[in-house]
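This is query.txt (compact mmCIF, C-alpha atoms and all ligand atoms).
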```txt
# COMPACT_ATOMS: atom_id res chain seq x y z
CA MET A 687 -62.03 -106.81 -44.11
CA ALA A 688 -60.27 -103.61 -45.23
CA GLU A 689 -62.35 -100.43 -45.31
CA PRO A 690 -63.62 -99.79 -48.83
CA PHE A 691 -62.60 -96.71 -50.75
CA ILE A 692 -64.84 -93.69 -50.24
CA VAL A 693 -65.42 -91.48 -53.25
CA TYR A 694 -66.62 -87.96 -52.50
CA GLY A 695 -68.32 -86.94 -55.69
CA ALA A 696 -71.40 -86.29 -57.76
CA SER A 697 -73.00 -87.61 -60.89
CA ALA A 698 -71.57 -86.19 -64.12
CA SER A 699 -68.60 -84.77 -62.19
CA GLY A 700 -64.89 -85.56 -62.06
CA SER A 701 -65.61 -88.34 -59.62
CA VAL A 702 -67.12 -90.43 -62.43
CA PRO A 703 -63.81 -91.53 -64.02
CA ILE A 704 -62.61 -92.49 -60.55
CA GLU A 705 -65.75 -94.55 -59.97
CA ALA A 706 -65.20 -96.10 -63.42
CA THR A 707 -61.61 -96.97 -62.49
CA LEU A 708 -62.66 -98.59 -59.21
CA THR A 709 -65.30 -100.52 -61.15
CA LEU A 710 -62.81 -101.82 -63.73
CA LEU A 711 -60.39 -102.72 -60.95
CA ASN A 712 -63.15 -104.54 -59.10
CA LEU A 713 -62.38 -102.66 -55.89
CA PRO A 714 -65.09 -102.13 -53.26
CA TYR A 715 -66.10 -98.48 -52.84
CA ARG A 716 -68.94 -96.31 -51.73
CA VAL A 717 -69.87 -92.85 -52.89
CA GLU A 718 -70.66 -89.94 -50.60
CA GLU A 719 -72.63 -87.41 -52.61
CA HIS A 720 -71.46 -83.80 -52.60
CA ALA A 721 -72.51 -81.15 -55.11
CA PRO A 722 -70.74 -77.99 -53.91
CA TRP A 723 -72.14 -75.95 -56.82
CA GLU A 724 -75.61 -76.34 -55.31
CA GLY A 725 -75.03 -73.62 -52.73
CA LYS A 726 -73.08 -72.46 -49.71
CA GLN A 727 -74.48 -75.08 -47.37
CA GLU A 728 -73.47 -77.91 -49.69
CA ALA A 729 -70.05 -76.38 -50.29
CA ASN A 730 -69.48 -75.97 -46.55
CA ARG A 731 -70.49 -79.57 -45.93
CA LEU A 732 -67.70 -80.61 -48.29
CA ALA A 733 -65.14 -78.30 -46.65
CA ARG A 734 -64.54 -80.80 -43.84
CA ILE A 735 -63.33 -83.27 -46.49
CA ASN A 736 -61.67 -80.90 -48.97
CA PRO A 737 -61.16 -77.33 -47.76
CA LEU A 738 -61.10 -76.28 -51.43
CA ARG A 739 -64.77 -77.36 -51.50
CA GLN A 740 -64.31 -79.42 -54.67
CA VAL A 741 -65.00 -82.96 -55.72
CA PRO A 742 -63.58 -85.47 -56.42
CA ALA A 743 -61.78 -86.66 -53.33
CA LEU A 744 -60.92 -90.23 -52.45
CA ALA A 745 -60.44 -91.71 -48.99
CA LEU A 746 -58.03 -94.63 -49.25
CA PRO A 747 -58.51 -97.76 -47.15
CA THR A 748 -55.64 -96.47 -44.96
CA GLY A 749 -57.72 -93.38 -44.15
CA GLU A 750 -55.51 -91.06 -46.18
CA LEU A 751 -57.40 -88.58 -48.29
CA MET A 752 -56.46 -87.71 -51.86
CA THR A 753 -57.76 -84.85 -53.96
CA GLU A 754 -56.91 -84.00 -57.60
CA SER A 755 -58.53 -86.24 -60.16
CA ALA A 756 -55.41 -86.89 -62.24
CA ALA A 757 -53.33 -87.86 -59.20
CA ILE A 758 -56.07 -90.17 -57.95
CA LEU A 759 -56.44 -91.88 -61.33
CA ILE A 760 -52.69 -92.33 -61.80
CA TRP A 761 -52.29 -93.60 -58.26
CA LEU A 762 -55.11 -96.15 -58.59
CA ALA A 763 -53.73 -97.45 -61.89
CA ASP A 764 -50.21 -97.72 -60.45
CA ALA A 765 -51.28 -99.23 -57.13
CA TYR A 766 -53.25 -101.99 -58.88
CA PRO A 767 -51.02 -102.81 -61.90
CA ASP A 768 -52.78 -106.11 -62.58
CA GLY A 769 -55.71 -104.04 -63.82
CA ARG A 770 -53.46 -102.69 -66.62
CA LEU A 771 -55.07 -99.25 -66.57
CA ALA A 772 -51.84 -97.30 -67.16
CA PRO A 773 -48.53 -97.88 -68.92
CA GLY A 774 -45.91 -98.89 -66.35
CA VAL A 775 -43.07 -96.57 -65.33
CA THR A 776 -40.67 -97.94 -67.97
CA ASP A 777 -43.28 -98.44 -70.70
CA PRO A 778 -42.57 -96.30 -73.81
CA ALA A 779 -46.14 -94.95 -73.55
CA ARG A 780 -45.54 -93.62 -70.02
CA PRO A 781 -44.36 -90.11 -70.98
CA ALA A 782 -47.42 -89.58 -73.19
CA PHE A 783 -49.64 -90.96 -70.44
CA LEU A 784 -48.31 -88.51 -67.85
CA ARG A 785 -48.33 -85.66 -70.33
CA TRP A 786 -51.97 -86.04 -71.32
CA MET A 787 -53.24 -86.87 -67.82
CA THR A 788 -51.69 -83.62 -66.63
CA PHE A 789 -52.96 -81.76 -69.69
CA VAL A 790 -56.56 -82.80 -69.09
CA SER A 791 -56.29 -81.82 -65.44
CA ALA A 792 -54.34 -78.57 -65.75
CA ALA A 793 -55.24 -77.18 -69.16
CA ILE A 794 -58.88 -78.29 -69.30
CA TYR A 795 -60.47 -79.40 -66.02
CA ALA A 796 -59.06 -76.51 -63.96
CA LEU A 797 -60.81 -74.02 -66.26
CA TYR A 798 -64.24 -75.11 -65.07
CA TRP A 799 -63.69 -73.09 -61.91
CA ILE A 800 -64.76 -70.09 -64.02
CA ASP A 801 -67.82 -71.89 -65.35
CA ASP A 802 -69.28 -69.49 -62.77
CA PRO A 803 -67.94 -66.27 -64.34
CA SER A 804 -68.94 -64.17 -61.30
CA ARG A 805 -65.79 -65.62 -59.71
CA ILE A 806 -63.63 -63.47 -61.94
CA VAL A 807 -65.88 -60.83 -63.50
CA GLU A 808 -68.14 -58.48 -61.56
CA ARG A 809 -70.49 -57.26 -64.30
CA GLU A 810 -73.23 -59.70 -65.10
CA GLU A 811 -73.45 -58.48 -68.70
CA ASP A 812 -69.90 -59.79 -69.26
CA HIS A 813 -70.61 -63.30 -68.06
CA ALA A 814 -71.83 -64.74 -71.37
CA ALA A 815 -68.66 -63.53 -73.13
CA VAL A 816 -66.46 -65.11 -70.44
CA LYS A 817 -68.27 -68.41 -70.84
CA ALA A 818 -67.98 -68.30 -74.62
CA ARG A 819 -64.21 -67.71 -74.41
CA LEU A 820 -63.83 -70.36 -71.76
CA PHE A 821 -65.49 -72.99 -73.95
CA GLU A 822 -63.48 -71.85 -76.98
CA ARG A 823 -60.29 -72.37 -74.98
CA ILE A 824 -61.43 -75.84 -73.90
CA ALA A 825 -62.27 -76.76 -77.50
CA HIS A 826 -58.83 -75.49 -78.53
CA CYS A 827 -57.16 -77.72 -75.92
CA TRP A 828 -59.10 -80.76 -77.16
CA ALA A 829 -58.04 -79.84 -80.69
CA ARG A 830 -54.36 -79.80 -79.63
CA MET A 831 -54.74 -83.20 -78.05
CA GLY A 832 -56.50 -84.50 -81.15
CA ALA A 833 -53.75 -83.15 -83.38
CA GLU A 834 -50.94 -84.78 -81.42
CA LEU A 835 -52.25 -88.13 -80.23
CA ARG A 836 -52.33 -91.08 -82.62
CA PRO A 837 -54.76 -93.44 -80.88
CA GLY A 838 -55.06 -97.14 -81.45
CA ARG A 839 -58.17 -98.83 -80.14
CA TYR A 840 -57.68 -96.51 -77.17
CA LEU A 841 -55.88 -93.20 -76.70
CA LEU A 842 -52.50 -94.74 -75.86
CA GLY A 843 -52.66 -97.91 -77.92
CA ASP A 844 -54.51 -101.18 -77.62
CA ASP A 845 -55.30 -101.10 -73.90
CA VAL A 846 -57.87 -98.95 -72.16
CA SER A 847 -56.26 -96.68 -69.58
CA VAL A 848 -57.44 -94.21 -66.96
CA LEU A 849 -56.71 -91.50 -69.55
CA ASP A 850 -59.55 -92.90 -71.68
CA LEU A 851 -61.92 -92.81 -68.70
CA TYR A 852 -60.86 -89.25 -67.90
CA VAL A 853 -61.30 -88.02 -71.49
CA ALA A 854 -64.58 -89.91 -72.01
CA THR A 855 -66.00 -88.02 -69.02
CA ALA A 856 -64.45 -84.56 -69.46
CA SER A 857 -65.29 -84.44 -73.17
CA ARG A 858 -68.98 -84.53 -72.21
CA TRP A 859 -68.73 -81.28 -70.27
CA SER A 860 -69.29 -77.96 -72.07
CA PRO A 861 -68.81 -77.23 -74.91
CA GLY A 862 -69.97 -80.85 -75.20
CA ARG A 863 -69.30 -83.97 -77.18
CA ARG A 864 -70.45 -82.71 -80.56
CA ARG A 865 -67.86 -79.97 -80.43
CA PHE A 866 -65.28 -82.48 -79.20
CA TYR A 867 -65.95 -84.69 -82.23
CA GLU A 868 -65.57 -81.66 -84.49
CA VAL A 869 -62.26 -80.43 -83.10
CA ALA A 870 -60.70 -83.77 -82.18
CA ALA A 871 -62.19 -86.13 -84.74
CA GLY A 872 -59.28 -88.55 -84.38
CA LEU A 873 -60.24 -89.21 -80.74
CA ALA A 874 -63.95 -89.75 -81.38
CA GLU A 875 -63.82 -93.49 -81.95
CA THR A 876 -61.89 -94.16 -78.74
CA VAL A 877 -64.26 -92.19 -76.50
CA ARG A 878 -67.24 -93.90 -78.13
CA ARG A 879 -65.57 -97.23 -77.38
CA VAL A 880 -65.34 -96.27 -73.71
CA ASP A 881 -68.98 -95.09 -73.70
CA ALA A 882 -69.95 -98.54 -75.01
CA ASP A 883 -67.77 -100.64 -72.70
CA PRO A 884 -70.20 -103.23 -71.27
CA ARG A 885 -68.27 -103.35 -67.99
CA LEU A 886 -69.21 -99.70 -67.46
CA ALA A 887 -72.83 -99.80 -68.68
CA THR A 888 -74.32 -99.72 -65.17
CA LEU A 889 -71.95 -97.04 -63.99
CA TRP A 890 -72.69 -94.73 -66.94
CA ALA A 891 -76.44 -95.31 -66.54
CA GLU A 892 -76.34 -94.42 -62.86
CA ARG A 893 -73.68 -91.71 -62.79
CA PHE A 894 -73.59 -90.05 -66.22
CA PRO A 895 -76.50 -91.36 -68.29
CA PHE A 896 -76.68 -91.09 -72.05
CA THR A 897 -80.09 -89.42 -71.99
CA PRO A 898 -81.61 -88.31 -75.31
CA GLY A 899 -79.67 -85.35 -76.67
CA TRP A 900 -76.73 -85.93 -74.29
CA GLU A 901 -74.18 -85.27 -77.02
CA ARG A 902 -75.54 -81.69 -77.42
N1 LIG B 1 -58.27 -79.83 -59.81
C1 LIG B 1 -59.45 -80.54 -59.39
C2 LIG B 1 -60.67 -79.85 -59.99
C3 LIG B 1 -61.94 -80.36 -59.36
C4 LIG B 1 -63.17 -79.56 -59.78
O1 LIG B 1 -63.09 -78.54 -60.45
N2 LIG B 1 -64.33 -80.09 -59.37
C5 LIG B 1 -65.59 -79.45 -59.64
C6 LIG B 1 -66.66 -80.50 -59.95
S1 LIG B 1 -66.39 -81.41 -61.45
C7 LIG B 1 -66.07 -78.78 -58.37
O2 LIG B 1 -66.05 -79.37 -57.31
N3 LIG B 1 -66.51 -77.52 -58.49
C8 LIG B 1 -66.98 -76.75 -57.40
C9 LIG B 1 -66.16 -75.50 -57.20
O3 LIG B 1 -65.11 -75.34 -57.82
O4 LIG B 1 -66.59 -74.68 -56.40
C10 LIG B 1 -59.36 -82.00 -59.81
O5 LIG B 1 -58.74 -82.28 -60.84
O6 LIG B 1 -59.87 -82.87 -59.09
```

Re-express the file's structure as structure tokens.
Amino acid sequence: MAEPFIVYGASASGSVPIEATLTLLNLPYRVEEHAPWEGKQEANRLARINPLRQVPALALPTGELMTESAAILIWLADAYPDGRLAPGVTDPARPAFLRWMTFVSAAIYALYWIDDPSRIVEREEDHAAVKARLFERIAHCWARMGAELRPGRYLLGDDVSVLDLYVATASRWSPGRRRFYEVAAGLAETVRRVDADPRLATLWAERFPFTPGWER
């Protein structure tokens, strides 16, 4: 039997949409837990997998390692087209798919590197202001996406795609879902649909539970 996929990740992190994708595709995988934000030792343990000391990473059955959440999600959807988790290369929805996958990764997700403001600002008294501006910028990016996308049942039309899984997860990070609903009201129904997908109920419960007050 082929080696299963190995997801290097953590609950509530960017590995969750990848785990959701593997679940919807019915592909065998196991998760190796890494939470690099928990300290130097944890970060160094991850360095042997990803020298950037970040999750997610995915080991393919061939042994090749991928990092970068958007690339992993697009690759999985393309490599297993029967799962219909992305518009195909010639599908009219493909440009929008690539655009918004890259947008979530580059304009939004990458900003969380300064969720620890000491990485860019020395003075501790400035940290709260950095965080406030960071979350404002993220809300602004969600607002842009909300203003430009015209979702159907899902963000790109009638079929769920890896973009929906990506947005359903990332929109729960700070500034949080309530703010997301405010600034991108047109996308609210689609993310709620993904939250409620019965095929993902176990995954959400184990990896990113909807505990009381989760929407913030
Ligand atoms: N560009 C990366 C970003 C990954 C990322 O920021 N991961 C966070 C967890 S959700 C992380 O590992 N943070 C630890 C750190 O940056 O030190 C991707 O899209 O996969």

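Nearest to Phe691 (chain A) of all the residues A:Asp883, A:Asp777, A:Glu808, A:Glu705 is A:Glu705, counting only C-alpha atoms.
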
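Shortest separation to Ile704 (chain A) among A:Leu738, A:Val775, A:Ala833, A:Ile760 occurs at residue A:Ile760, atoms counted being all atoms listed in the file.
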
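A straight line drawn from atom N1 of ligand LIG 1 (chain B) to CA of Val877 (chain A) is 21.6 Å long.
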
Please build the interface table for chain A against ligand LIG 1 (chain B) with a cut-off of 8 Å, listing for each qualifying residue the nearest atom pair and the distance in Å to one decimal; count all atoms listed in the file, order rows by chain and increasing number, and write it as JSON lines.
```
{"residue": "A:Gly695", "atom": "CA", "partner": "B:LIG1", "partner_atom": "C6", "distance": 7.9}
{"residue": "A:Ala696", "atom": "CA", "partner": "B:LIG1", "partner_atom": "C6", "distance": 7.8}
{"residue": "A:Ala698", "atom": "CA", "partner": "B:LIG1", "partner_atom": "S1", "distance": 7.5}
{"residue": "A:Ser699", "atom": "CA", "partner": "B:LIG1", "partner_atom": "S1", "distance": 4.1}
{"residue": "A:Gly700", "atom": "CA", "partner": "B:LIG1", "partner_atom": "S1", "distance": 4.5}
{"residue": "A:Ser701", "atom": "CA", "partner": "B:LIG1", "partner_atom": "S1", "distance": 7.2}
{"residue": "A:Ala721", "atom": "CA", "partner": "B:LIG1", "partner_atom": "O2", "distance": 7.1}
{"residue": "A:Pro722", "atom": "CA", "partner": "B:LIG1", "partner_atom": "C8", "distance": 5.3}
{"residue": "A:Trp723", "atom": "CA", "partner": "B:LIG1", "partner_atom": "C8", "distance": 5.3}
{"residue": "A:Ala729", "atom": "CA", "partner": "B:LIG1", "partner_atom": "O4", "distance": 7.2}
{"residue": "A:Leu738", "atom": "CA", "partner": "B:LIG1", "partner_atom": "O4", "distance": 7.6}
{"residue": "A:Arg739", "atom": "CA", "partner": "B:LIG1", "partner_atom": "O4", "distance": 5.9}
{"residue": "A:Gln740", "atom": "CA", "partner": "B:LIG1", "partner_atom": "O2", "distance": 3.2}
{"residue": "A:Val741", "atom": "CA", "partner": "B:LIG1", "partner_atom": "O2", "distance": 4.1}
{"residue": "A:Pro742", "atom": "CA", "partner": "B:LIG1", "partner_atom": "O6", "distance": 5.3}
{"residue": "A:Ala743", "atom": "CA", "partner": "B:LIG1", "partner_atom": "O6", "distance": 7.2}
{"residue": "A:Thr753", "atom": "CA", "partner": "B:LIG1", "partner_atom": "O6", "distance": 5.9}
{"residue": "A:Glu754", "atom": "CA", "partner": "B:LIG1", "partner_atom": "O6", "distance": 3.5}
{"residue": "A:Ser755", "atom": "CA", "partner": "B:LIG1", "partner_atom": "O6", "distance": 3.8}
{"residue": "A:Ala756", "atom": "CA", "partner": "B:LIG1", "partner_atom": "O5", "distance": 5.9}
{"residue": "A:Ala757", "atom": "CA", "partner": "B:LIG1", "partner_atom": "O5", "distance": 7.9}
{"residue": "A:Ser791", "atom": "CA", "partner": "B:LIG1", "partner_atom": "O5", "distance": 5.2}
{"residue": "A:Ala792", "atom": "CA", "partner": "B:LIG1", "partner_atom": "N1", "distance": 7.2}
{"residue": "A:Tyr795", "atom": "CA", "partner": "B:LIG1", "partner_atom": "C2", "distance": 6.1}
{"residue": "A:Ala796", "atom": "CA", "partner": "B:LIG1", "partner_atom": "N1", "distance": 5.4}
{"residue": "A:Leu797", "atom": "CA", "partner": "B:LIG1", "partner_atom": "O1", "distance": 7.7}
{"residue": "A:Tyr798", "atom": "CA", "partner": "B:LIG1", "partner_atom": "O1", "distance": 5.9}
{"residue": "A:Trp799", "atom": "CA", "partner": "B:LIG1", "partner_atom": "O3", "distance": 4.9}
```

### Query
Which residues, written as a list in words, have at least one atom at most 6 Å from Phe821 (chain A), with only C-alpha atoms counted and residues fewer than 3 positions away on the same chain left out?
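The residues satisfying every condition are Ala818, Ile824 and Pro861 of chain A.
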
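Remark: for Thr707 (chain A), the closest of the candidate residues A:Ala793, A:Ala874, A:Ala765, A:Cys827 is A:Ala765 (distances computed over all atoms listed in the file).
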
### Query
Rounded to one decimal in Å, what is the spacing between CA of Gly769 (chain A) and CA of Leu710 (chain A)?
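Atom-to-atom, CA of Gly769 (chain A) to CA of Leu710 (chain A), that is 7.4 Å.
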
### Message
Ranking A:Arg809, A:Val702, A:Glu724, A:Thr776 by minimum distance to Val853 (chain A) and counting all atoms listed in the file, which one comes first?
### Response
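Checking each of A:Arg809, A:Val702, A:Glu724, A:Thr776 against Val853 (chain A), counting all atoms listed in the file, the winner is A:Val702.
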
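For the pair CA of Val846 (chain A) and CA of Glu822 (chain A), the interatomic distance is 28.1 Å.
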
### Task
List the neighbours of Val807 (chain A) out to 9 Å using all atoms listed in the file; skip same-chain residues closer than 5 positions along the sequence, and give me the result as JSON, numbers by chain.
{"A": [812, 813, 816]}

### Message
Calculated over only C-alpha atoms, which of the candidates A:Ala854, A:Ala772, A:Ile794, A:Ile692 has the smallest distance to Gly749 (chain A)?
### Response
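Between A:Ala854, A:Ala772, A:Ile794, A:Ile692, the residue approaching Gly749 (chain A) most closely is A:Ile692.
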
Atoms are missing here; could region 773-789 of chain A be completed with N, CA and C atoms and written as a compact mmCIF listing (two decimals), in the frame of the given file?
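File part-v7.txt, as written:
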```
# COMPACT_ATOMS: atom_id res chain seq x y z
N PRO A 773 -49.85 -97.33 -68.56
CA PRO A 773 -48.53 -97.88 -68.92
C PRO A 773 -47.62 -97.81 -67.70
N GLY A 774 -46.83 -98.85 -67.50
CA GLY A 774 -45.91 -98.89 -66.35
C GLY A 774 -44.82 -97.83 -66.48
N VAL A 775 -44.06 -97.66 -65.40
CA VAL A 775 -43.07 -96.57 -65.33
C VAL A 775 -42.06 -96.63 -66.46
N THR A 776 -41.67 -97.84 -66.90
CA THR A 776 -40.67 -97.94 -67.97
C THR A 776 -41.28 -98.20 -69.35
N ASP A 777 -42.60 -98.22 -69.41
CA ASP A 777 -43.28 -98.44 -70.70
C ASP A 777 -43.06 -97.22 -71.61
N PRO A 778 -42.78 -97.45 -72.90
CA PRO A 778 -42.57 -96.30 -73.81
C PRO A 778 -43.78 -95.34 -73.86
N ALA A 779 -44.96 -95.83 -73.50
CA ALA A 779 -46.14 -94.95 -73.55
C ALA A 779 -46.29 -94.11 -72.28
N ARG A 780 -45.39 -94.34 -71.29
CA ARG A 780 -45.54 -93.62 -70.02
C ARG A 780 -45.42 -92.09 -70.14
N PRO A 781 -44.44 -91.57 -70.88
CA PRO A 781 -44.36 -90.11 -70.98
C PRO A 781 -45.65 -89.49 -71.55
N ALA A 782 -46.18 -90.11 -72.60
CA ALA A 782 -47.42 -89.58 -73.19
C ALA A 782 -48.56 -89.68 -72.18
N PHE A 783 -48.59 -90.78 -71.46
CA PHE A 783 -49.64 -90.96 -70.44
C PHE A 783 -49.61 -89.82 -69.42
N LEU A 784 -48.42 -89.56 -68.87
CA LEU A 784 -48.31 -88.51 -67.85
C LEU A 784 -48.60 -87.13 -68.45
N ARG A 785 -48.11 -86.95 -69.67
CA ARG A 785 -48.33 -85.66 -70.33
C ARG A 785 -49.82 -85.38 -70.48
N TRP A 786 -50.56 -86.33 -71.02
CA TRP A 786 -51.97 -86.04 -71.32
C TRP A 786 -52.85 -86.11 -70.08
N MET A 787 -52.50 -86.90 -69.09
CA MET A 787 -53.24 -86.87 -67.82
C MET A 787 -53.13 -85.47 -67.21
N THR A 788 -51.91 -84.94 -67.21
CA THR A 788 -51.69 -83.62 -66.63
C THR A 788 -52.36 -82.54 -67.48
N PHE A 789 -52.33 -82.73 -68.78
CA PHE A 789 -52.96 -81.76 -69.69
C PHE A 789 -54.46 -81.67 -69.43
```
